[in-house]
Structure formats: structure tokens, C-alpha cells
>>> print(open('my_file.cif').read())   # mmCIF, C-alpha atoms
data_target
#
loop_
_atom_site.label_atom_id
_atom_site.label_comp_id
_atom_site.auth_asym_id
_atom_site.auth_seq_id
_atom_site.Cartn_x
_atom_site.Cartn_y
_atom_site.Cartn_z
CA MET A 395 84.35 171.21 -79.89
CA GLU A 396 86.33 171.55 -83.11
CA SER A 397 89.25 169.20 -83.62
CA SER A 398 92.67 170.83 -83.50
CA GLU A 399 93.90 168.45 -86.16
CA LYS A 400 94.11 169.81 -89.67
CA LYS A 401 91.37 168.39 -91.91
CA GLN A 402 92.66 165.91 -94.46
CA LEU A 403 91.36 166.89 -97.87
CA LEU A 404 89.51 164.33 -99.94
CA ILE A 405 91.02 164.32 -103.43
CA MET A 406 89.65 162.62 -106.52
CA ALA A 407 92.42 162.05 -109.09
CA ILE A 408 91.35 161.00 -112.59
CA ASP A 409 93.64 159.71 -115.34
CA VAL A 410 91.86 159.45 -118.69
CA GLY A 411 93.84 157.11 -120.93
CA ASN A 412 93.24 155.69 -124.38
CA SER A 413 91.70 152.47 -123.03
CA ASN A 414 90.74 153.17 -119.41
CA ILE A 415 89.72 155.94 -117.04
CA THR A 416 91.55 155.31 -113.76
CA VAL A 417 90.24 157.01 -110.63
CA GLY A 418 91.96 157.31 -107.26
CA ILE A 419 90.41 158.64 -104.05
CA PHE A 420 92.95 160.09 -101.64
CA LYS A 421 92.42 161.15 -98.03
CA GLY A 422 95.44 163.32 -97.49
CA ASP A 423 98.29 161.29 -98.97
CA GLU A 424 96.60 157.92 -98.51
CA LEU A 425 94.99 156.18 -101.48
CA ILE A 426 91.77 154.84 -99.94
CA ASP A 427 89.92 153.63 -103.05
CA GLN A 428 90.40 153.25 -106.78
CA TRP A 429 88.19 152.46 -109.77
CA ARG A 430 88.76 151.66 -113.42
CA LEU A 431 86.31 152.38 -116.25
CA ARG A 432 86.51 151.80 -119.99
CA THR A 433 87.25 154.96 -121.99
CA ARG A 434 84.43 155.64 -124.44
CA LEU A 435 82.24 158.52 -125.57
CA TYR A 436 79.97 159.33 -122.63
CA THR A 437 77.60 162.25 -122.29
CA ALA A 438 78.22 164.72 -119.48
CA ASP A 439 75.19 163.42 -117.56
CA GLU A 440 76.30 159.80 -117.96
CA LEU A 441 79.70 160.58 -116.48
CA GLY A 442 78.35 162.81 -113.74
CA LEU A 443 75.76 160.26 -112.62
CA LEU A 444 78.26 157.40 -112.86
CA PHE A 445 80.77 159.15 -110.62
CA TYR A 446 78.02 160.25 -108.23
CA GLN A 447 76.81 156.64 -107.94
CA LEU A 448 80.35 155.32 -107.46
CA THR A 449 80.94 157.70 -104.57
CA ARG A 450 77.62 156.76 -102.93
CA VAL A 451 78.05 152.98 -103.35
CA ASN A 452 81.60 153.13 -101.97
CA HIS A 453 80.64 155.48 -99.10
CA ILE A 454 82.88 158.27 -100.36
CA GLU A 455 82.05 161.83 -99.41
CA ILE A 456 81.89 164.57 -102.04
CA PRO A 457 85.58 165.31 -102.81
CA ASP A 458 87.09 168.63 -101.83
CA ARG A 459 89.11 168.75 -105.04
CA ILE A 460 89.11 166.92 -108.36
CA ILE A 461 92.20 166.86 -110.58
CA ILE A 462 92.24 165.40 -114.08
CA CYS A 463 94.84 164.53 -116.70
CA SER A 464 93.55 163.27 -120.01
CA VAL A 465 94.64 162.23 -123.49
CA SER A 466 91.06 162.60 -124.80
CA PRO A 467 89.81 166.22 -125.13
CA ARG A 468 86.21 165.09 -125.82
CA VAL A 469 86.06 162.91 -122.68
CA THR A 470 87.71 165.70 -120.67
CA LEU A 471 85.01 168.19 -121.66
CA MET A 472 82.16 165.80 -120.81
CA LEU A 473 83.88 164.79 -117.56
CA LYS A 474 84.30 168.37 -116.38
CA MET A 475 80.70 169.24 -117.21
CA GLY A 476 79.31 166.11 -115.55
CA LEU A 477 81.43 166.32 -112.40
CA SER A 478 80.63 170.03 -111.97
CA ARG A 479 76.91 169.22 -112.18
CA TYR A 480 76.79 166.20 -109.87
CA LEU A 481 79.82 166.44 -107.52
CA THR A 482 81.81 169.68 -107.30
CA GLY A 483 83.04 172.49 -109.50
CA ASN A 484 86.42 172.59 -107.74
CA ILE A 485 88.17 170.91 -110.69
CA GLU A 486 91.64 171.35 -112.18
CA ILE A 487 92.53 170.06 -115.66
CA VAL A 488 96.29 169.49 -115.91
CA ASP A 489 98.18 170.24 -119.13
CA TYR A 490 101.79 170.95 -120.12
CA ARG A 491 101.39 174.61 -119.09
CA SER A 492 100.39 173.72 -115.52
CA ASP A 493 102.81 174.71 -112.77
CA MET A 494 104.58 171.42 -111.97
CA GLY A 495 107.94 172.98 -111.17
CA ILE A 496 109.44 171.06 -114.10
CA SER A 497 111.29 172.54 -117.06
CA ILE A 498 110.51 170.85 -120.37
CA SER A 499 113.33 170.23 -122.86
CA TYR A 500 111.01 168.92 -125.56
CA GLU A 501 110.63 170.44 -129.00
CA THR A 502 106.82 170.06 -129.14
CA PRO A 503 105.50 170.25 -125.55
CA ASP A 504 101.92 170.73 -126.79
CA THR A 505 102.04 167.21 -128.26
CA LEU A 506 103.51 165.61 -125.12
CA GLY A 507 101.01 163.25 -123.47
CA ILE A 508 100.14 164.84 -120.15
CA ASP A 509 100.24 161.48 -118.35
CA ARG A 510 103.93 161.25 -119.30
CA LEU A 511 104.63 164.63 -117.75
CA VAL A 512 102.63 163.83 -114.62
CA ASN A 513 104.60 160.57 -114.28
CA ALA A 514 107.87 162.52 -114.52
CA PHE A 515 106.64 164.93 -111.84
CA ALA A 516 105.59 162.05 -109.58
CA ALA A 517 108.89 160.23 -110.02
CA VAL A 518 111.09 163.16 -108.97
CA GLU A 519 108.72 163.98 -106.12
CA LEU A 520 108.99 160.42 -104.78
CA TYR A 521 112.66 159.68 -105.43
CA ARG A 522 114.48 163.03 -105.76
CA ALA A 523 116.79 161.45 -108.34
CA ASP A 524 117.33 161.05 -112.06
CA CYS A 525 114.44 158.83 -113.18
CA LEU A 526 113.47 156.79 -116.20
CA ILE A 527 109.77 155.97 -116.16
CA VAL A 528 108.39 153.02 -118.15
CA ASP A 529 104.60 153.24 -118.52
CA ILE A 530 103.34 149.92 -119.89
CA GLY A 531 99.79 150.43 -121.09
CA THR A 532 97.98 150.66 -124.44
CA ALA A 533 101.20 152.20 -125.70
CA THR A 534 104.49 151.80 -123.86
CA THR A 535 106.35 155.02 -123.11
CA LEU A 536 109.78 155.62 -121.64
CA ASP A 537 110.46 159.07 -120.19
CA THR A 538 113.51 160.71 -118.66
CA VAL A 539 113.61 163.40 -115.99
CA THR A 540 116.61 164.71 -114.06
CA ASN A 541 116.95 165.26 -110.34
CA GLN A 542 117.02 168.99 -111.23
CA ARG A 543 113.41 168.50 -112.41
CA GLU A 544 114.11 168.79 -116.13
CA TYR A 545 112.02 166.64 -118.45
CA ILE A 546 114.34 165.50 -121.25
CA GLY A 547 112.22 163.32 -123.58
CA GLY A 548 111.65 159.66 -124.25
CA VAL A 549 110.40 156.84 -126.47
CA ILE A 550 106.95 155.66 -127.60
CA LEU A 551 106.27 152.13 -128.86
CA PRO A 552 103.22 149.86 -129.20
CA GLY A 553 102.01 148.26 -125.97
CA ILE A 554 101.64 144.50 -125.49
CA GLU A 555 97.88 144.49 -126.11
CA MET A 556 98.28 146.65 -129.22
CA ALA A 557 100.93 144.25 -130.54
CA ALA A 558 98.68 141.27 -129.75
CA GLU A 559 95.71 142.81 -131.58
CA SER A 560 97.84 143.62 -134.62
CA LEU A 561 99.31 140.12 -134.71
CA THR A 562 95.97 138.33 -134.64
CA ALA A 563 94.22 140.82 -136.94
CA LYS A 564 96.77 140.51 -139.72
CA THR A 565 97.51 136.77 -139.61
CA ALA A 566 94.68 134.40 -140.52
CA GLN A 567 95.81 131.35 -138.53
CA LEU A 568 96.85 133.07 -135.29
CA PHE A 569 94.39 133.72 -132.48
CA THR A 570 93.91 135.86 -129.40
CA THR A 571 95.41 134.45 -126.22
CA GLU A 572 95.69 135.60 -122.61
CA LEU A 573 98.80 137.57 -121.72
CA VAL A 574 100.55 135.19 -119.35
CA PRO A 575 104.18 134.10 -119.70
CA PRO A 576 104.69 130.55 -120.97
CA PRO A 577 106.93 128.17 -118.97
CA THR A 578 109.70 128.35 -121.57
CA VAL A 579 110.83 130.86 -124.17
CA ILE A 580 110.71 128.15 -126.83
CA GLY A 581 106.99 127.59 -127.21
CA LYS A 582 105.64 124.05 -127.58
CA SER A 583 102.28 125.17 -128.97
CA THR A 584 101.04 128.06 -131.09
CA ARG A 585 99.48 129.63 -128.00
CA ALA A 586 102.78 129.41 -126.10
CA CYS A 587 104.70 130.77 -129.10
CA ILE A 588 102.42 133.82 -129.25
CA GLN A 589 102.71 134.39 -125.48
CA SER A 590 106.48 134.06 -125.62
CA GLY A 591 106.80 136.49 -128.50
CA LEU A 592 104.49 139.08 -126.96
CA ILE A 593 105.73 138.96 -123.37
CA PHE A 594 109.43 138.09 -123.63
CA GLY A 595 109.65 140.19 -126.79
CA ALA A 596 108.23 143.21 -124.92
CA ILE A 597 110.57 142.64 -121.95
CA ASP A 598 113.69 142.47 -124.11
CA GLN A 599 112.55 145.44 -126.18
CA ILE A 600 112.05 147.53 -123.05
CA ASP A 601 115.30 146.37 -121.43
CA GLY A 602 117.19 147.08 -124.66
CA LEU A 603 115.78 150.58 -124.91
CA ILE A 604 116.60 151.30 -121.26
CA VAL A 605 120.22 150.26 -121.83
CA ARG A 606 120.43 152.48 -124.92
CA ILE A 607 118.82 155.45 -123.13
CA CYS A 608 121.15 155.21 -120.14
CA LYS A 609 124.20 154.97 -122.39
CA GLU A 610 123.12 158.00 -124.45
CA TRP A 611 122.05 159.99 -121.39
CA GLY A 612 125.22 159.18 -119.47
CA ARG A 613 123.37 158.69 -116.19
CA LYS A 614 122.27 155.82 -113.97
CA PRO A 615 118.65 156.68 -113.19
CA LYS A 616 116.09 154.92 -111.05
CA VAL A 617 114.03 152.88 -113.52
CA ILE A 618 110.38 152.91 -112.49
CA ALA A 619 107.64 150.79 -114.06
CA THR A 620 104.01 151.82 -114.00
CA GLY A 621 100.85 151.04 -115.97
CA GLY A 622 98.59 148.02 -116.35
CA HIS A 623 101.33 145.52 -117.23
CA ALA A 624 104.07 146.93 -114.98
CA ARG A 625 104.25 143.96 -112.60
CA LEU A 626 104.27 141.41 -115.42
CA ILE A 627 107.17 143.08 -117.24
CA ALA A 628 109.13 144.07 -114.12
CA LYS A 629 109.12 140.47 -112.85
CA TYR A 630 111.35 139.39 -115.77
CA SER A 631 113.15 142.66 -116.54
CA THR A 632 116.86 143.03 -115.82
CA THR A 633 116.75 146.85 -115.73
CA ILE A 634 113.58 147.93 -113.88
CA THR A 635 114.32 148.72 -110.23
CA LYS A 636 111.00 150.07 -108.89
CA ILE A 637 107.31 149.36 -109.47
CA GLU A 638 104.74 152.13 -108.90
CA PRO A 639 101.44 150.95 -110.45
CA MET A 640 99.61 154.11 -109.35
CA LEU A 641 102.34 156.60 -110.29
CA THR A 642 100.07 158.86 -112.38
CA LEU A 643 97.42 159.06 -109.65
CA ILE A 644 100.09 159.80 -107.03
CA GLY A 645 101.44 162.56 -109.26
CA LEU A 646 97.99 164.08 -109.65
CA GLN A 647 97.35 163.97 -105.91
CA ARG A 648 100.66 165.71 -105.20
CA LEU A 649 99.94 168.31 -107.87
CA THR A 650 96.89 169.50 -105.94
CA ARG A 651 99.31 171.09 -103.47
CA ARG A 652 100.66 173.31 -106.25
CA LEU A 653 97.59 173.94 -108.39
CA PHE A 654 94.75 174.67 -105.91
#
>>> encode(input="my_file.cif", output="C-alpha cells")
Amino acid sequence: MESSEKKQLLIMAIDVGNSNITVGIFKGDELIDQWRLRTRLYTADELGLLFYQLTRVNHIEIPDRIIICSVSPRVTLMLKMGLSRYLTGNIEIVDYRSDMGISISYETPDTLGIDRLVNAFAAVELYRADCLIVDIGTATTLDTVTNQREYIGGVILPGIEMAAESLTAKTAQLFTTELVPPPTVIGKSTRACIQSGLIFGAIDQIDGLIVRICKEWGRKPKVIATGGHARLIAKYSTTITKIEPMLTLIGLQRLTRRLF
């Protein structure tokens, strides 16, 4: 006898970033599993087999739908070919022309990172308010979207890891250190000084930009942190009000309702 309950679709959401490929498996609206891979140049078969093996090992059925946003056209092409061959051809690649129900007040929308736009979509879907999204990853981006679903624009700056790599690469006597906050702002060792500069410097930079944006915008938005270092920065920030580490994946999952 067939169940009267509506079948919950299995969605695979894939966010291809500069450093990592983040994958979320959703059953309906519930995130049931997630994986993170290093972004590099794979062949189509490598990606297809890798994703096939990940689904088998984690006891995940073949997804009903796959949705992808990507900042790497080469990886996107290989990913689509590989997934079509080994999992399913029911794949949607999101770009700025996709129907998100958002108007874009940006002079060069074709250069706008699609993850930024997906984050804006996710934020207004979740909060139904003016939102300022801070994505703290390889680069740090700040993006503004109104409760009328208008994407306004934002800011791009180097991420913490990018700043750390630049610092150690261009100064002979400084070295790589783990990104953990030191006990005091005034460092008592070179390691602590580097940690203080990178972490507290990033926090104050982000907080300062948020204050400037809100003053220029003339609104009091919800300030949402996402990305790999969101919890670290939000813990010490004076302006961030919400943490949504999986905001991009949530946005992709919700977009399947509009795009399939």
C-alpha cells in the first residue's frame, strides 16, 4: 500500500569555492549529511566516482536533484559531466540569471560571485528582513539585500588565511601559525602577536566595515555570519547577530523549489 505522505526529495547541494567544495545532502528541508573536499582540477570521472563512492559509504540514495553554485567554471564543467555519468542528470547550475526572485542593483552582475547571490537569497528567505551577510572564507565578503529582495552590493577583502599566507610569504622571520585567538591582544610572543594581528585585526576590520555600511545604507539589518571562520569571528564581534555556517547550502536547497 502506497504511503499517503508526500515523498521528501533527496537534494544534493554543492558549493564550489576557491579552496573547498562543500556538499550538503538534504532530505526535504533537513540537512542530513555534509562533506568538504579540496578544490582542485579533477577529471569528470574522478569527480563522478568520488561522489558515487561518498554516497555509497554514507548510505545515501541517489539524489533526486543536484544543484550547484560555483566560482570555478572548469570544476563546474567536470562536476556536471561526472555527476551526470555516475549519479543523475537532473542537475541545475545556478548563475546570476537564475530565477531567485531577487532584483540585482549591481553594475556588473556577470562578475558577481554566485555564492554571494545565493547567500543573499538564503538570508531573505530565512529572515524576511534587511540583511547584511558576512561570508568569512578564502576571501571575506559583505553583501547587502533588502527585505524587498533587492541585492544592493557589498565589499570584498582578503580572508584570514589569505592574509596569513601573505604575511608569512613576504616576511623572512615570521612563520605560519594556527588560527586561534591569543589570551590577550598584546602578544607576549611572536606567535601570539601574529595570531592577535590576524584574528583581532580581522574582527575589527569586519566590525568597522559593518558600521560604515549600515551608516551609508541607513538601515539596521540582521548581520549574518557564514563561512569557515564564521564562529571564530562572531564570538568576538560586536556587530554580528546571527551565525549560519551552512547558509549557501541552505540557499541552494531552497532554490530547488524555484528552479526544478
>>> resolve_selection(input="my_file.cif", expression="the PyMOL selection byres ((chain A and resi 639) around 6)", output="count of residues only")
5
>>> resolve_selection(input="my_file.cif", expression="the PyMOL selection byres ((chain A and resi 594) around 10)", output="PyMOL selection string")
chain A and resi 575-576+578-579+588-593+595-600+627+630-631
>>> closest_residue(input="my_file.cif", among="A:Thr534, A:Gly548, A:Leu526, A:Leu568", to="A:Ile618", atoms="all atoms listed in the file")
A:Leu526
>>> residues_around(input="my_file.cif", residues="A:Gly645", least_positions_apart="2", cutoff="10 Å", atoms="all atoms listed in the file", output="VMD selection string")
chain A and resid 407 494 509 511 to 520 640 to 643 647 to 650
>>> residues_around(input="my_file.cif", residues="A:Pro467", least_positions_apart="3", cutoff="12 Å", atoms="all atoms listed in the file", output="list in words")
Val410, Gly411, Asn412, Thr433, Arg434, Leu435, Ile462, Cys463, Ser464, Thr470, Leu471, Met472, Leu473, Lys474, Ile487, Val488, Asp489, Gly507 and Ile508 of chain A
>>> resolve_selection(input="my_file.cif", expression="the PyMOL selection byres ((chain A and resi 420) around 8)", output="PyMOL selection string")
chain A and resi 403-407+418-419+421-427+647
>>> atom_distance(input="my_file.cif", atom1="atom CA of A:Ala563", atom2="atom CA of A:Arg432")
21.6 Å
>>> residues_near_point(input="my_file.cif", point="(89.0, 150.9, -117.6)", cutoff="7 Å", atoms="only C-alpha atoms", output="PDB file with C-alpha atoms, keeping the file's coordinate frame")
ATOM      1  CA  SER A 413      91.700 152.470-123.030  1.00  0.00           C
ATOM      2  CA  ASN A 414      90.740 153.170-119.410  1.00  0.00           C
ATOM      3  CA  ILE A 415      89.720 155.940-117.040  1.00  0.00           C
ATOM      4  CA  THR A 416      91.550 155.310-113.760  1.00  0.00           C
ATOM      5  CA  ARG A 430      88.760 151.660-113.420  1.00  0.00           C
ATOM      6  CA  LEU A 431      86.310 152.380-116.250  1.00  0.00           C
ATOM      7  CA  ARG A 432      86.510 151.800-119.990  1.00  0.00           C
ATOM      8  CA  THR A 433      87.250 154.960-121.990  1.00  0.00           C
TER       9      THR A 433
END
>>> closest_residue(input="my_file.cif", among="A:Ile454, A:Ile580, A:Cys608, A:Ile461", to="A:Val539", atoms="only C-alpha atoms")
A:Cys608
>>> residues_near_point(input="my_file.cif", point="(113.7, 165.2, -120.4)", cutoff="12 Å", atoms="only C-alpha atoms", output="NGL selection string")
:A and (496-501 or 503 or 506 or 510-511 or 513-515 or 518 or 524-527 or 536-549 or 607 or 611)
>>> write_last_selection(input="my_file.cif", atoms="C-alpha atoms", output="short mmCIF file (atom, residue, chain, number, x, y, z; two decimals), keeping the file's coordinate frame")
data_model
loop_
_atom_site.label_atom_id
_atom_site.label_comp_id
_atom_site.auth_asym_id
_atom_site.auth_seq_id
_atom_site.Cartn_x
_atom_site.Cartn_y
_atom_site.Cartn_z
CA ILE A 496 109.44 171.06 -114.10
CA SER A 497 111.29 172.54 -117.06
CA ILE A 498 110.51 170.85 -120.37
CA SER A 499 113.33 170.23 -122.86
CA TYR A 500 111.01 168.92 -125.56
CA GLU A 501 110.63 170.44 -129.00
CA PRO A 503 105.50 170.25 -125.55
CA LEU A 506 103.51 165.61 -125.12
CA ARG A 510 103.93 161.25 -119.30
CA LEU A 511 104.63 164.63 -117.75
CA ASN A 513 104.60 160.57 -114.28
CA ALA A 514 107.87 162.52 -114.52
CA PHE A 515 106.64 164.93 -111.84
CA VAL A 518 111.09 163.16 -108.97
CA ASP A 524 117.33 161.05 -112.06
CA CYS A 525 114.44 158.83 -113.18
CA LEU A 526 113.47 156.79 -116.20
CA ILE A 527 109.77 155.97 -116.16
CA LEU A 536 109.78 155.62 -121.64
CA ASP A 537 110.46 159.07 -120.19
CA THR A 538 113.51 160.71 -118.66
CA VAL A 539 113.61 163.40 -115.99
CA THR A 540 116.61 164.71 -114.06
CA ASN A 541 116.95 165.26 -110.34
CA GLN A 542 117.02 168.99 -111.23
CA ARG A 543 113.41 168.50 -112.41
CA GLU A 544 114.11 168.79 -116.13
CA TYR A 545 112.02 166.64 -118.45
CA ILE A 546 114.34 165.50 -121.25
CA GLY A 547 112.22 163.32 -123.58
CA GLY A 548 111.65 159.66 -124.25
CA VAL A 549 110.40 156.84 -126.47
CA ILE A 607 118.82 155.45 -123.13
CA TRP A 611 122.05 159.99 -121.39
#
>>> axis_aligned_box(input="my_file.cif", around="stretch 452-460 of chain A", padding_each_side="3 Å", output="AutoDock Vina command-line options")
--center_x 84.9 --center_y 160.9 --center_z -103.7 --size_x 14.5 --size_y 21.6 --size_z 15.3
>>> residues_around(input="my_file.cif", residues="A:Gly622", least_positions_apart="2", cutoff="7 Å", atoms="all atoms listed in the file", output="list in words")
Ile530, Gly531 and Ala624 of chain A
>>> atom_distance(input="my_file.cif", atom1="atom CA of A:Lys609", atom2="atom CA of A:Ala557")
26.9 Å
>>> decode(input="my_file.cif", residues="stretch 428-463 of chain A", atoms="C-alpha atoms", output="mmCIF file, in the first residue's frame")
data_model
loop_
_atom_site.group_PDB
_atom_site.id
_atom_site.type_symbol
_atom_site.label_atom_id
_atom_site.label_comp_id
_atom_site.auth_asym_id
_atom_site.auth_seq_id
_atom_site.Cartn_x
_atom_site.Cartn_y
_atom_site.Cartn_z
ATOM 1 C CA GLN A 428 27.667 17.169 4.648
ATOM 2 C CA TRP A 429 31.132 16.726 3.145
ATOM 3 C CA ARG A 430 34.053 19.002 2.355
ATOM 4 C CA LEU A 431 36.628 18.406 -0.399
ATOM 5 C CA ARG A 432 39.617 20.419 -1.544
ATOM 6 C CA THR A 433 39.008 22.367 -4.760
ATOM 7 C CA ARG A 434 41.467 21.258 -7.436
ATOM 8 C CA LEU A 435 41.471 20.228 -11.080
ATOM 9 C CA TYR A 436 39.702 16.865 -11.230
ATOM 10 C CA THR A 437 38.674 14.932 -14.308
ATOM 11 C CA ALA A 438 34.975 14.263 -14.830
ATOM 12 C CA ASP A 439 35.441 10.575 -13.979
ATOM 13 C CA GLU A 440 37.384 11.391 -10.803
ATOM 14 C CA LEU A 441 34.587 13.622 -9.560
ATOM 15 C CA GLY A 442 31.813 11.284 -10.616
ATOM 16 C CA LEU A 443 33.408 8.260 -8.956
ATOM 17 C CA LEU A 444 34.289 10.256 -5.840
ATOM 18 C CA PHE A 445 30.713 11.431 -5.359
ATOM 19 C CA TYR A 446 29.361 7.960 -6.149
ATOM 20 C CA GLN A 447 31.651 6.441 -3.505
ATOM 21 C CA LEU A 448 30.729 9.111 -0.946
ATOM 22 C CA THR A 449 27.041 8.365 -1.368
ATOM 23 C CA ARG A 450 27.618 4.605 -1.044
ATOM 24 C CA VAL A 451 29.911 4.835 2.010
ATOM 25 C CA ASN A 452 27.495 7.191 3.775
ATOM 26 C CA HIS A 453 24.415 5.121 2.817
ATOM 27 C CA ILE A 454 22.912 7.946 0.772
ATOM 28 C CA GLU A 455 20.495 7.075 -2.010
ATOM 29 C CA ILE A 456 20.916 8.532 -5.493
ATOM 30 C CA PRO A 457 19.691 12.150 -5.124
ATOM 31 C CA ASP A 458 16.519 13.261 -6.855
ATOM 32 C CA ARG A 459 18.042 16.628 -7.682
ATOM 33 C CA ILE A 460 21.520 18.149 -7.697
ATOM 34 C CA ILE A 461 22.031 21.908 -7.541
ATOM 35 C CA ILE A 462 25.411 23.592 -7.918
ATOM 36 C CA CYS A 463 26.853 27.066 -7.470
#
